[in-house]
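entry_16.cif follows (mmCIF, C-alpha atoms and all ligand atoms):
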```
data_run
#
loop_
_atom_site.label_atom_id
_atom_site.label_comp_id
_atom_site.auth_asym_id
_atom_site.auth_seq_id
_atom_site.Cartn_x
_atom_site.Cartn_y
_atom_site.Cartn_z
CA MET A 26 12.53 -5.35 -24.50
CA SER A 27 13.51 -7.55 -21.60
CA ASP A 28 14.49 -6.44 -18.12
CA GLU A 29 15.49 -8.04 -14.81
CA PHE A 30 11.87 -9.05 -14.27
CA GLN A 31 11.62 -11.16 -17.40
CA GLU A 32 11.00 -14.36 -15.48
CA ILE A 33 8.04 -12.80 -13.65
CA ARG A 34 6.74 -11.32 -16.88
CA ASN A 35 6.94 -14.67 -18.65
CA GLY A 36 5.21 -16.44 -15.76
CA VAL A 37 2.30 -13.98 -15.56
CA ARG A 38 1.96 -13.93 -19.35
CA ALA A 39 1.80 -17.73 -19.45
CA LEU A 40 -1.01 -17.70 -16.89
CA CYS A 41 -2.85 -14.88 -18.66
CA ALA A 42 -2.67 -16.80 -21.95
CA ASP A 43 -5.35 -19.09 -20.51
CA PHE A 44 -7.62 -16.05 -20.07
CA PRO A 45 -7.99 -14.46 -23.49
CA ASP A 46 -9.87 -11.28 -24.38
CA GLU A 47 -13.18 -13.14 -24.64
CA TYR A 48 -12.94 -14.21 -21.00
CA PHE A 49 -12.64 -10.65 -19.70
CA ARG A 50 -15.14 -9.35 -22.26
CA THR A 51 -17.77 -11.83 -21.09
CA ILE A 52 -17.15 -11.08 -17.42
CA ASP A 53 -17.43 -7.36 -18.20
CA ALA A 54 -20.72 -7.84 -20.07
CA GLN A 55 -22.10 -9.89 -17.18
CA ARG A 56 -20.76 -7.44 -14.59
CA GLY A 57 -19.22 -10.53 -13.01
CA TYR A 58 -16.04 -11.12 -11.05
CA PRO A 59 -13.14 -12.97 -12.73
CA GLU A 60 -13.20 -15.69 -10.08
CA ARG A 61 -11.43 -18.35 -12.14
CA PHE A 62 -8.66 -15.90 -13.08
CA VAL A 63 -8.21 -14.72 -9.48
CA ASP A 64 -8.10 -18.33 -8.27
CA ALA A 65 -5.42 -19.13 -10.83
CA LEU A 66 -3.36 -16.11 -9.70
CA ILE A 67 -3.67 -17.19 -6.07
CA GLN A 68 -2.83 -20.82 -6.79
CA ALA A 69 0.25 -19.75 -8.73
CA GLY A 70 1.31 -17.62 -5.76
CA TRP A 71 1.29 -14.27 -7.60
CA LEU A 72 -0.95 -12.54 -5.06
CA SER A 73 1.31 -13.50 -2.15
CA ALA A 74 4.39 -12.16 -3.90
CA MET A 75 5.02 -9.56 -1.20
CA ILE A 76 4.42 -11.82 1.80
CA PRO A 77 7.78 -12.73 3.38
CA GLU A 78 8.97 -16.30 2.90
CA GLU A 79 8.70 -17.01 6.64
CA TYR A 80 4.92 -16.53 6.28
CA GLY A 81 4.65 -18.64 3.12
CA GLY A 82 4.96 -15.94 0.43
CA SER A 83 7.69 -15.18 -2.08
CA GLY A 84 9.23 -12.24 -0.19
CA LEU A 85 9.35 -9.98 -3.24
CA GLY A 86 9.26 -6.19 -3.11
CA LEU A 87 6.82 -3.66 -4.49
CA THR A 88 8.82 -3.31 -7.71
CA ALA A 89 8.35 -6.98 -8.56
CA ALA A 90 4.71 -6.85 -7.44
CA SER A 91 4.13 -3.89 -9.72
CA VAL A 92 5.45 -5.94 -12.66
CA ILE A 93 2.83 -8.62 -11.90
CA MET A 94 0.06 -6.01 -11.99
CA GLU A 95 1.49 -4.40 -15.13
CA GLU A 96 1.57 -7.73 -16.96
CA ILE A 97 -2.05 -8.55 -16.12
CA ASN A 98 -3.17 -5.27 -17.68
CA ARG A 99 -0.73 -5.60 -20.55
CA CYS A 100 -2.28 -8.98 -21.39
CA GLY A 101 -5.75 -7.43 -21.59
CA GLY A 102 -6.97 -8.16 -18.05
CA ASN A 103 -7.75 -5.76 -15.22
CA SER A 104 -5.71 -5.88 -12.02
CA GLY A 105 -8.42 -3.81 -10.35
CA ALA A 106 -10.03 -7.12 -9.41
CA VAL A 107 -7.04 -8.16 -7.31
CA HIS A 108 -4.58 -5.37 -6.55
CA GLY A 109 -6.02 -4.74 -3.07
CA GLN A 110 -4.38 -7.87 -1.73
CA MET A 111 -0.89 -6.51 -2.50
CA TYR A 112 -1.12 -3.24 -0.59
CA ASN A 113 -3.51 -4.34 2.18
CA MET A 114 -1.28 -7.24 3.07
CA GLY A 115 1.58 -4.72 3.34
CA THR A 116 -0.35 -2.71 5.93
CA VAL A 117 -0.55 -5.80 8.17
CA LEU A 118 3.07 -6.70 7.48
CA ARG A 119 4.50 -3.27 8.26
CA ASN A 120 2.27 -2.25 11.14
CA GLY A 121 0.67 -5.40 12.52
CA SER A 122 1.74 -7.26 15.66
CA ARG A 123 3.61 -10.56 15.49
CA ALA A 124 0.38 -12.35 16.51
CA GLN A 125 -1.61 -10.65 13.70
CA LYS A 126 1.03 -11.54 11.12
CA GLU A 127 1.12 -15.16 12.28
CA LYS A 128 -2.65 -15.36 12.30
CA TYR A 129 -3.31 -13.90 8.86
CA LEU A 130 -0.29 -13.88 6.55
CA PRO A 131 0.24 -17.67 6.18
CA ARG A 132 -3.45 -18.16 5.43
CA ILE A 133 -3.42 -15.30 2.91
CA ALA A 134 -0.31 -16.81 1.29
CA ALA A 135 -2.00 -20.24 1.16
CA GLY A 136 -5.01 -18.72 -0.58
CA GLU A 137 -7.36 -19.51 2.32
CA LEU A 138 -8.05 -15.84 3.07
CA ARG A 139 -8.30 -12.78 0.88
CA ILE A 140 -7.53 -9.27 2.13
CA GLN A 141 -8.78 -7.40 -0.90
CA SER A 142 -10.58 -4.42 0.68
CA MET A 143 -9.62 -1.13 2.30
CA ALA A 144 -12.33 1.17 3.61
CA VAL A 145 -11.26 4.82 3.74
CA THR A 146 -13.58 6.99 1.60
CA GLU A 147 -16.82 8.35 3.06
CA PRO A 148 -19.79 9.90 1.28
CA THR A 149 -19.87 13.23 3.11
CA THR A 150 -16.14 13.92 3.40
CA GLY A 151 -14.61 12.48 0.20
CA THR A 152 -10.95 13.36 -0.22
CA ASP A 153 -10.91 15.26 3.09
CA THR A 154 -9.97 12.00 4.81
CA THR A 155 -9.08 13.28 8.27
CA LYS A 156 -12.65 14.60 8.67
CA LEU A 157 -14.12 11.13 8.20
CA LYS A 158 -17.04 10.44 10.52
CA THR A 159 -16.93 6.69 11.10
CA THR A 160 -16.12 6.10 14.74
CA ALA A 161 -14.58 3.20 16.65
CA VAL A 162 -15.31 3.39 20.37
CA ARG A 163 -13.54 1.11 22.83
CA LYS A 164 -15.87 -1.05 24.95
CA ASP A 165 -13.93 -3.50 27.18
CA ASP A 166 -12.15 -5.91 24.83
CA ARG A 167 -13.95 -4.67 21.71
CA PHE A 168 -14.33 -1.63 19.47
CA VAL A 169 -17.82 -0.59 18.39
CA ILE A 170 -17.97 0.80 14.86
CA ASN A 171 -20.60 3.24 13.61
CA GLY A 172 -20.66 5.13 10.33
CA GLN A 173 -20.70 4.80 6.60
CA LYS A 174 -18.18 4.26 3.79
CA VAL A 175 -18.53 4.57 0.04
CA TRP A 176 -16.74 3.13 -2.99
CA ILE A 177 -15.26 0.25 -1.04
CA SER A 178 -14.06 -2.27 -3.57
CA ARG A 179 -13.94 -6.08 -3.65
CA VAL A 180 -15.81 -6.48 -0.33
CA GLN A 181 -17.92 -9.26 -1.81
CA HIS A 182 -14.77 -11.13 -2.82
CA SER A 183 -12.75 -10.67 0.31
CA ASP A 184 -12.56 -12.23 3.78
CA LEU A 185 -10.79 -9.35 5.49
CA MET A 186 -10.96 -5.58 5.18
CA ILE A 187 -8.76 -2.80 6.51
CA LEU A 188 -10.95 -0.10 8.07
CA LEU A 189 -9.94 3.48 8.91
CA ALA A 190 -12.06 5.00 11.69
CA ARG A 191 -11.81 7.81 14.21
CA THR A 192 -11.00 6.66 17.76
CA THR A 193 -10.51 10.14 19.27
CA PRO A 194 -12.92 12.94 18.28
CA LEU A 195 -11.45 15.55 15.94
CA ALA A 196 -12.05 18.29 18.52
CA GLU A 197 -9.80 16.48 21.03
CA VAL A 198 -6.67 16.03 18.90
CA SER A 199 -3.93 18.59 18.31
CA LYS A 200 -3.38 17.49 14.69
CA LYS A 201 -6.31 16.35 12.55
CA SER A 202 -4.30 13.37 11.26
CA GLU A 203 -4.16 12.03 14.83
CA GLY A 204 -6.90 10.04 16.54
CA LEU A 205 -7.55 7.81 13.52
CA SER A 206 -6.96 4.07 13.79
CA ILE A 207 -6.95 1.10 11.48
CA PHE A 208 -8.55 -2.27 12.11
CA ILE A 209 -8.78 -5.66 10.47
CA VAL A 210 -12.45 -6.42 9.94
CA ASP A 211 -13.40 -10.07 9.52
CA LEU A 212 -16.12 -9.58 6.93
CA LYS A 213 -17.92 -12.86 7.58
CA GLU A 214 -18.30 -11.93 11.24
CA ALA A 215 -19.33 -8.33 10.59
CA LEU A 216 -21.89 -9.04 7.86
CA GLY A 217 -25.31 -9.48 9.36
CA ARG A 218 -24.02 -8.23 12.72
CA GLY A 219 -24.48 -4.54 12.01
CA MET A 220 -22.56 -4.25 8.73
CA THR A 221 -24.51 -3.88 5.49
CA VAL A 222 -23.11 -3.88 1.96
CA ARG A 223 -24.85 -2.11 -0.90
CA PRO A 224 -23.24 -2.60 -4.34
CA ILE A 225 -22.76 0.49 -6.55
CA PRO A 226 -23.37 -0.18 -10.26
CA ASN A 227 -20.70 1.80 -12.10
CA MET A 228 -19.09 2.59 -15.46
CA VAL A 229 -16.27 0.06 -15.04
CA ASN A 230 -16.83 -3.55 -14.09
CA HIS A 231 -15.39 -2.79 -10.67
CA GLU A 232 -16.99 -4.48 -7.68
CA THR A 233 -17.45 -1.56 -5.32
CA ASN A 234 -19.91 -0.82 -2.52
CA GLU A 235 -21.48 1.43 0.04
CA LEU A 236 -20.94 0.12 3.56
CA PHE A 237 -23.04 0.85 6.64
CA PHE A 238 -21.84 0.15 10.18
CA ASP A 239 -24.44 0.04 12.91
CA ASN A 240 -22.82 -0.92 16.23
CA VAL A 241 -20.51 -3.45 14.61
CA GLU A 242 -18.32 -4.99 17.30
CA ILE A 243 -14.79 -6.06 16.46
CA PRO A 244 -12.23 -7.56 18.87
CA ALA A 245 -9.72 -5.05 20.28
CA GLN A 246 -6.90 -7.30 19.08
CA ASN A 247 -7.89 -6.40 15.51
CA LEU A 248 -6.52 -2.88 16.02
CA ILE A 249 -3.40 -2.58 13.85
CA GLY A 250 -0.45 -0.80 15.49
CA GLU A 251 -0.94 2.00 17.97
CA GLU A 252 -4.37 3.51 18.54
CA GLY A 253 -4.60 6.98 17.00
CA GLN A 254 -1.74 6.46 14.51
CA GLY A 255 -3.78 4.83 11.75
CA PHE A 256 -3.57 7.70 9.30
CA ARG A 257 0.23 7.49 9.29
CA TYR A 258 0.08 3.73 8.67
CA ILE A 259 -2.46 4.06 5.89
CA LEU A 260 -0.30 6.60 4.03
CA ASP A 261 2.40 3.99 3.42
CA GLY A 262 -0.25 1.66 2.01
CA LEU A 263 -1.56 4.48 -0.19
CA ASN A 264 1.92 5.03 -1.65
CA ALA A 265 2.12 1.32 -2.47
CA GLU A 266 -1.38 1.46 -3.98
CA ARG A 267 -0.52 4.49 -6.16
CA THR A 268 2.68 2.85 -7.40
CA LEU A 269 0.92 -0.41 -8.23
CA ILE A 270 -1.82 1.44 -10.06
CA ALA A 271 0.79 3.42 -11.98
CA ALA A 272 2.21 0.07 -13.12
CA GLU A 273 -1.27 -1.09 -14.15
CA CYS A 274 -1.68 2.07 -16.22
CA ILE A 275 1.69 1.38 -17.83
CA GLY A 276 0.43 -2.11 -18.72
CA ASP A 277 -2.75 -0.58 -20.17
CA GLY A 278 -0.71 1.99 -22.08
CA TYR A 279 1.41 -0.69 -23.78
CA TRP A 280 -1.69 -2.74 -24.53
CA PHE A 281 -3.37 0.25 -26.27
CA ILE A 282 -0.24 1.10 -28.23
CA GLU A 283 0.27 -2.47 -29.34
CA ARG A 284 -3.35 -2.76 -30.49
CA ALA A 285 -3.25 0.64 -32.22
CA SER A 286 0.02 -0.19 -34.03
CA ARG A 287 -1.25 -3.59 -35.13
CA TYR A 288 -4.50 -2.19 -36.47
CA ALA A 289 -2.76 0.74 -38.17
CA ASN A 290 -0.59 -1.76 -40.05
CA GLU A 291 -3.47 -4.04 -41.01
CA ARG A 292 -6.31 -1.70 -41.86
CA VAL A 293 -6.23 -0.60 -45.49
CA VAL A 294 -8.18 2.50 -46.55
CA PHE A 295 -7.46 4.55 -49.70
CA ASP A 296 -5.38 1.57 -50.89
CA ARG A 297 -2.79 1.80 -48.11
CA PRO A 298 -2.44 0.90 -44.45
CA ILE A 299 -3.85 3.74 -42.37
CA GLY A 300 -0.59 3.67 -40.38
CA ARG A 301 1.26 5.06 -43.36
CA ASN A 302 -0.48 8.39 -42.71
CA GLN A 303 1.47 10.56 -40.34
CA GLY A 304 -1.83 11.80 -38.94
CA VAL A 305 -2.38 8.24 -37.69
CA GLN A 306 1.16 7.16 -36.77
CA PHE A 307 2.37 10.30 -34.98
CA PRO A 308 -0.25 10.19 -32.19
CA ILE A 309 0.62 6.52 -31.58
CA ALA A 310 4.32 7.40 -31.39
CA ALA A 311 3.56 10.32 -29.04
CA ALA A 312 1.49 8.06 -26.77
CA TYR A 313 4.32 5.53 -26.66
CA ILE A 314 6.82 8.21 -25.64
CA GLU A 315 4.52 9.32 -22.80
CA VAL A 316 4.10 5.76 -21.51
CA GLU A 317 7.85 5.14 -21.61
CA ALA A 318 8.52 8.36 -19.67
CA ALA A 319 5.85 7.58 -17.07
CA ASN A 320 7.35 4.12 -16.65
CA LEU A 321 10.61 5.66 -15.43
CA MET A 322 8.81 7.42 -12.58
CA ARG A 323 6.88 4.24 -11.76
CA PHE A 324 10.16 2.35 -11.26
CA LYS A 325 11.65 5.23 -9.30
CA ALA A 326 8.66 5.23 -6.92
CA ALA A 327 8.67 1.43 -6.55
CA ARG A 328 12.39 1.23 -5.87
CA ARG A 329 12.26 4.01 -3.29
CA PHE A 330 9.40 2.21 -1.55
CA ASP A 331 11.44 -1.02 -1.50
CA GLU A 332 14.46 0.82 -0.13
CA GLN A 333 12.22 2.30 2.59
CA LEU A 334 13.02 5.82 1.41
CA PRO A 335 10.35 8.54 1.42
CA CYS A 336 8.37 8.01 -1.77
CA GLY A 337 5.18 10.06 -1.40
CA ALA A 338 6.15 12.51 -4.14
CA GLU A 339 7.33 9.79 -6.53
CA ALA A 340 4.30 7.56 -5.92
CA ASN A 341 1.94 10.48 -6.58
CA MET A 342 3.85 11.66 -9.64
CA ALA A 343 4.06 8.11 -11.03
CA LYS A 344 0.30 7.66 -10.64
CA TYR A 345 -0.35 11.03 -12.29
CA LEU A 346 1.99 10.45 -15.25
CA ALA A 347 0.98 6.84 -15.84
CA ALA A 348 -2.78 7.49 -15.59
CA LYS A 349 -2.43 10.39 -18.01
CA ALA A 350 -0.27 8.40 -20.43
CA SER A 351 -2.59 5.38 -20.42
CA TRP A 352 -5.61 7.59 -20.96
CA GLU A 353 -3.93 9.32 -23.91
CA ALA A 354 -2.95 5.93 -25.33
CA ALA A 355 -6.55 4.78 -24.89
CA ASN A 356 -7.83 7.78 -26.82
CA VAL A 357 -5.31 7.25 -29.60
CA CYS A 358 -6.15 3.55 -29.80
CA LEU A 359 -9.86 4.30 -30.06
CA GLN A 360 -9.28 6.93 -32.73
CA THR A 361 -7.01 4.62 -34.73
CA HIS A 362 -9.71 1.98 -34.80
CA GLY A 363 -12.34 4.40 -36.06
CA GLY A 364 -15.83 2.94 -35.66
CA PHE A 365 -14.53 -0.52 -34.78
CA GLY A 366 -13.05 0.88 -31.56
CA PHE A 367 -16.60 1.16 -30.27
CA ALA A 368 -17.42 -2.49 -30.92
CA CYS A 369 -17.17 -4.54 -27.72
CA GLU A 370 -15.47 -7.40 -29.54
CA TYR A 371 -12.32 -5.29 -29.99
CA ASP A 372 -12.02 -4.80 -26.19
CA ILE A 373 -10.85 -1.22 -26.62
CA GLU A 374 -13.99 0.37 -25.21
CA ARG A 375 -13.69 -1.92 -22.16
CA LYS A 376 -10.06 -1.08 -21.50
CA PHE A 377 -10.85 2.59 -22.27
CA ARG A 378 -13.38 2.65 -19.43
CA GLU A 379 -11.09 0.72 -17.11
CA THR A 380 -8.10 3.00 -17.51
CA ARG A 381 -10.18 6.20 -17.18
CA LEU A 382 -10.87 5.37 -13.55
CA TYR A 383 -7.29 6.05 -12.54
CA GLN A 384 -7.55 9.80 -13.05
CA VAL A 385 -10.05 9.80 -10.18
CA ALA A 386 -9.23 6.82 -7.95
CA PRO A 387 -7.46 6.04 -5.75
CA ILE A 388 -6.64 9.75 -5.72
CA SER A 389 -7.79 12.42 -8.15
CA THR A 390 -5.37 14.41 -10.28
CA ASN A 391 -6.05 17.71 -8.51
CA LEU A 392 -5.08 16.23 -5.18
CA ILE A 393 -1.78 15.04 -6.67
CA PHE A 394 -1.10 18.57 -7.94
CA SER A 395 -1.87 19.92 -4.52
CA TYR A 396 0.45 17.36 -2.86
CA VAL A 397 3.35 18.28 -5.15
CA ALA A 398 2.67 22.02 -4.83
CA GLU A 399 2.68 21.88 -1.04
CA HIS A 400 5.09 19.08 -0.14
CA VAL A 401 7.63 19.31 -2.96
CA LEU A 402 7.50 22.96 -4.01
CA GLY A 403 6.73 24.51 -0.63
CA LEU A 404 3.69 26.43 -1.87
CA PRO A 405 0.97 27.37 0.64
CA ARG A 406 -1.57 24.67 1.44
CA SER A 407 -4.70 25.41 -0.57
CA PHE A 408 -7.24 23.78 1.73
C1 LIG B 501 -14.54 2.53 -8.87
C2 LIG B 501 -14.00 3.14 -7.60
C3 LIG B 501 -13.39 2.32 -6.67
C4 LIG B 501 -12.94 2.86 -5.47
N1 LIG B 501 -12.40 2.02 -4.50
C5 LIG B 501 -12.13 2.51 -3.26
C6 LIG B 501 -11.75 1.65 -2.19
O1 LIG B 501 -11.64 0.43 -2.36
N2 LIG B 501 -11.55 2.18 -0.96
C7 LIG B 501 -11.70 3.52 -0.71
O2 LIG B 501 -11.50 3.93 0.44
N3 LIG B 501 -12.06 4.38 -1.70
C8 LIG B 501 -12.27 3.91 -2.98
N4 LIG B 501 -12.65 4.76 -3.99
C9 LIG B 501 -12.82 6.18 -3.69
C10 LIG B 501 -11.80 7.06 -4.38
O3 LIG B 501 -10.57 6.94 -3.69
C11 LIG B 501 -12.37 8.49 -4.38
O4 LIG B 501 -13.46 8.49 -5.30
C12 LIG B 501 -11.35 9.50 -4.80
O5 LIG B 501 -10.34 9.58 -3.83
C13 LIG B 501 -11.99 10.88 -4.95
O6 LIG B 501 -12.79 11.16 -3.83
P1 LIG B 501 -14.31 11.61 -4.02
O7 LIG B 501 -14.94 10.72 -5.02
O8 LIG B 501 -14.94 11.71 -2.69
O9 LIG B 501 -14.19 13.03 -4.66
P2 LIG B 501 -14.29 14.45 -3.92
O10 LIG B 501 -13.33 14.52 -2.77
O11 LIG B 501 -15.72 14.74 -3.66
O12 LIG B 501 -13.76 15.42 -5.09
C14 LIG B 501 -14.53 15.62 -6.30
C15 LIG B 501 -13.66 16.37 -7.30
O13 LIG B 501 -13.28 17.63 -6.73
C16 LIG B 501 -11.86 17.76 -6.73
N5 LIG B 501 -11.45 18.44 -5.48
C17 LIG B 501 -11.89 18.20 -4.22
N6 LIG B 501 -11.27 19.03 -3.35
C18 LIG B 501 -10.40 19.77 -4.07
C19 LIG B 501 -9.44 20.79 -3.75
N7 LIG B 501 -9.26 21.19 -2.50
N8 LIG B 501 -8.73 21.33 -4.76
C20 LIG B 501 -8.91 20.94 -6.04
N9 LIG B 501 -9.79 19.97 -6.41
C21 LIG B 501 -10.51 19.40 -5.44
C22 LIG B 501 -11.31 16.36 -6.79
O14 LIG B 501 -10.03 16.35 -7.39
C23 LIG B 501 -12.36 15.63 -7.62
O15 LIG B 501 -12.05 15.76 -8.98
C24 LIG B 501 -13.05 4.25 -5.23
C25 LIG B 501 -13.65 5.07 -6.20
C26 LIG B 501 -14.13 4.53 -7.37
C27 LIG B 501 -14.80 5.45 -8.38
#
```
Please, can you express the file's structure as structure tokens?
Amino acid sequence: MSDEFQEIRNGVRALCADFPDEYFRTIDAQRGYPERFVDALIQAGWLSAMIPEEYGGSGLGLTAASVIMEEINRCGGNSGAVHGQMYNMGTVLRNGSRAQKEKYLPRIAAGELRIQSMAVTEPTTGTDTTKLKTTAVRKDDRFVINGQKVWISRVQHSDLMILLARTTPLAEVSKKSEGLSIFIVDLKEALGRGMTVRPIPNMVNHETNELFFDNVEIPAQNLIGEEGQGFRYILDGLNAERTLIAAECIGDGYWFIERASRYANERVVFDRPIGRNQGVQFPIAAAYIEVEAANLMRFKAARRFDEQLPCGAEANMAKYLAAKASWEAANVCLQTHGGFGFACEYDIERKFRETRLYQVAPISTNLIFSYVAEHVLGLPRSF
């Protein structure tokens, strides 16, 4: 089925055709980073889709950007290697000063700089973000950063990172969401000057790390927006992130369904294609229905974001529905393939692991339930 984004879809698919399953399978086995693929995406301008034309990008919205991410996953790749650039760039664009935008956005659009990382999560506070303990203390024309982050992705393949840190102690603010600020960290400057990166081997081939900050000094002009308002700024970025990841799950979902349908038609057991058995075809049909339904909420969230309407509920619901649908499609695809689903050469076990992540990150399912219960349904806050 074609839609208004067909041109983008065709363009991304054409690029992805040069990176077949074997490419991603090999990178996964090596626990490598798809550098050649990411370079190709940057050179073709796909990762600067949301940068306004005046700064050298294409000036597209989140909806179009989400189609780019969807297509990468639909072609068998994993947007997890690159999606950070889309929403982190938006944080600078929406909340940065003119000088910050002029300094960074043209170079990001030209592919000279990557802004792939966002450091929010901490080991001792987890989802309870406003209690985070990393501090940024003003010292003349600099901020001094101390603390620790965990699960911070793509740091080793990025030049810049958005950091959320507390600038006013929790005890001194009237609302716990106040007193947090966001900064642009130039990773090359910070590394070796108090910042340490420790990679975390994990189930997915996702480059993610523990970060340690020991008196890391960053220029005061790297503060984004107003001091103390960082949590508010980061929320917008999180809505964009959730919507993009919903689109990636939709891409995964279609990939699983396409592979399951193809195999169910080809594989002959008991002298007939296994797909002739309703016990095989009904779960595939059910998974397809779920993906299609989730896709509606993904577009609703993306369009509301682009129209600058409140979209917290839709972004959360889209991420929930799409992550659930892609995971169900993954299960069905694996089951349809029987034993062969476990063989690496079919790529299903790889995509199965990749799509499972999105029930936990960037926000876990329970926290989405709690958001909807409190902010949409008016139920009492549970924590
Ligand atoms: C591969 C990977 C990449 C990541 N990349 C990044 C990144 O780039 N930047 C970044 O900042 N973070 C990143 N994260 C962190 C991710 O956002 C968190 O793992 C996620 O938000 C969950 O937080 P947590 O792991 O601390 O879980 P916790 O907060 O410890 O929660 C553990 C479990 O308890 C449940 N739970 C907790 N409190 C409640 C409650 N009140 N009610 C009901 N259930 C509750 C949660 O739903 C969850 O299932 C990444 C994580 C992974 C695994």
Write out as a tab-separated table the residues of chain A that have any atom within 6 Å of an atom of ligand LIG 501 (chain B), one row each with the nearest atom pair and its distance in Å to one decimal, counting all atoms listed in the file, sorted by chain and then rising number.
```
residue	atom	partner	partner_atom	distance
A:Ser142	CA	B:LIG501	O1	5.8
A:Met143	CA	B:LIG501	N2	5.0
A:Ala144	CA	B:LIG501	O2	4.3
A:Val145	CA	B:LIG501	O2	3.4
A:Thr146	CA	B:LIG501	O2	3.9
A:Gly151	CA	B:LIG501	O8	3.0
A:Thr152	CA	B:LIG501	O10	3.7
A:Trp176	CA	B:LIG501	C24	4.5
A:Ile177	CA	B:LIG501	O1	3.9
A:Ser178	CA	B:LIG501	O1	3.8
A:His231	CA	B:LIG501	C1	5.7
A:Thr233	CA	B:LIG501	C3	5.8
A:Val385	CA	B:LIG501	C12	5.5
A:Ala386	CA	B:LIG501	C10	4.4
A:Pro387	CA	B:LIG501	O3	3.8
A:Ile388	CA	B:LIG501	O5	4.2
A:Ser389	CA	B:LIG501	O14	4.6
A:Thr390	CA	B:LIG501	O14	5.8
A:Asn391	CA	B:LIG501	O14	4.4
A:Leu392	CA	B:LIG501	O14	5.4
A:Phe408	CA	B:LIG501	N7	5.4
```
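Closest approach to Tyr258 (chain A) from the set A:Tyr129, A:Phe367, A:Tyr112, A:Phe238 is made by A:Tyr112, with distances taken over only C-alpha atoms.
You will find CA of Asn120 (chain A) at 10.9 Å from CA of Phe208 (chain A).
Ranking A:Leu334, A:Leu188, A:Cys41, A:Ile373 by their shortest atom-to-atom distance to Arg284 (chain A), with only C-alpha atoms included, puts A:Ile373 first.
CA of Ile140 (chain A) is found 15.7 Å from CA of Pro77 (chain A).
If you look at CA of Ile97 (chain A) and CA of Arg38 (chain A), they are 7.4 Å away from each other.
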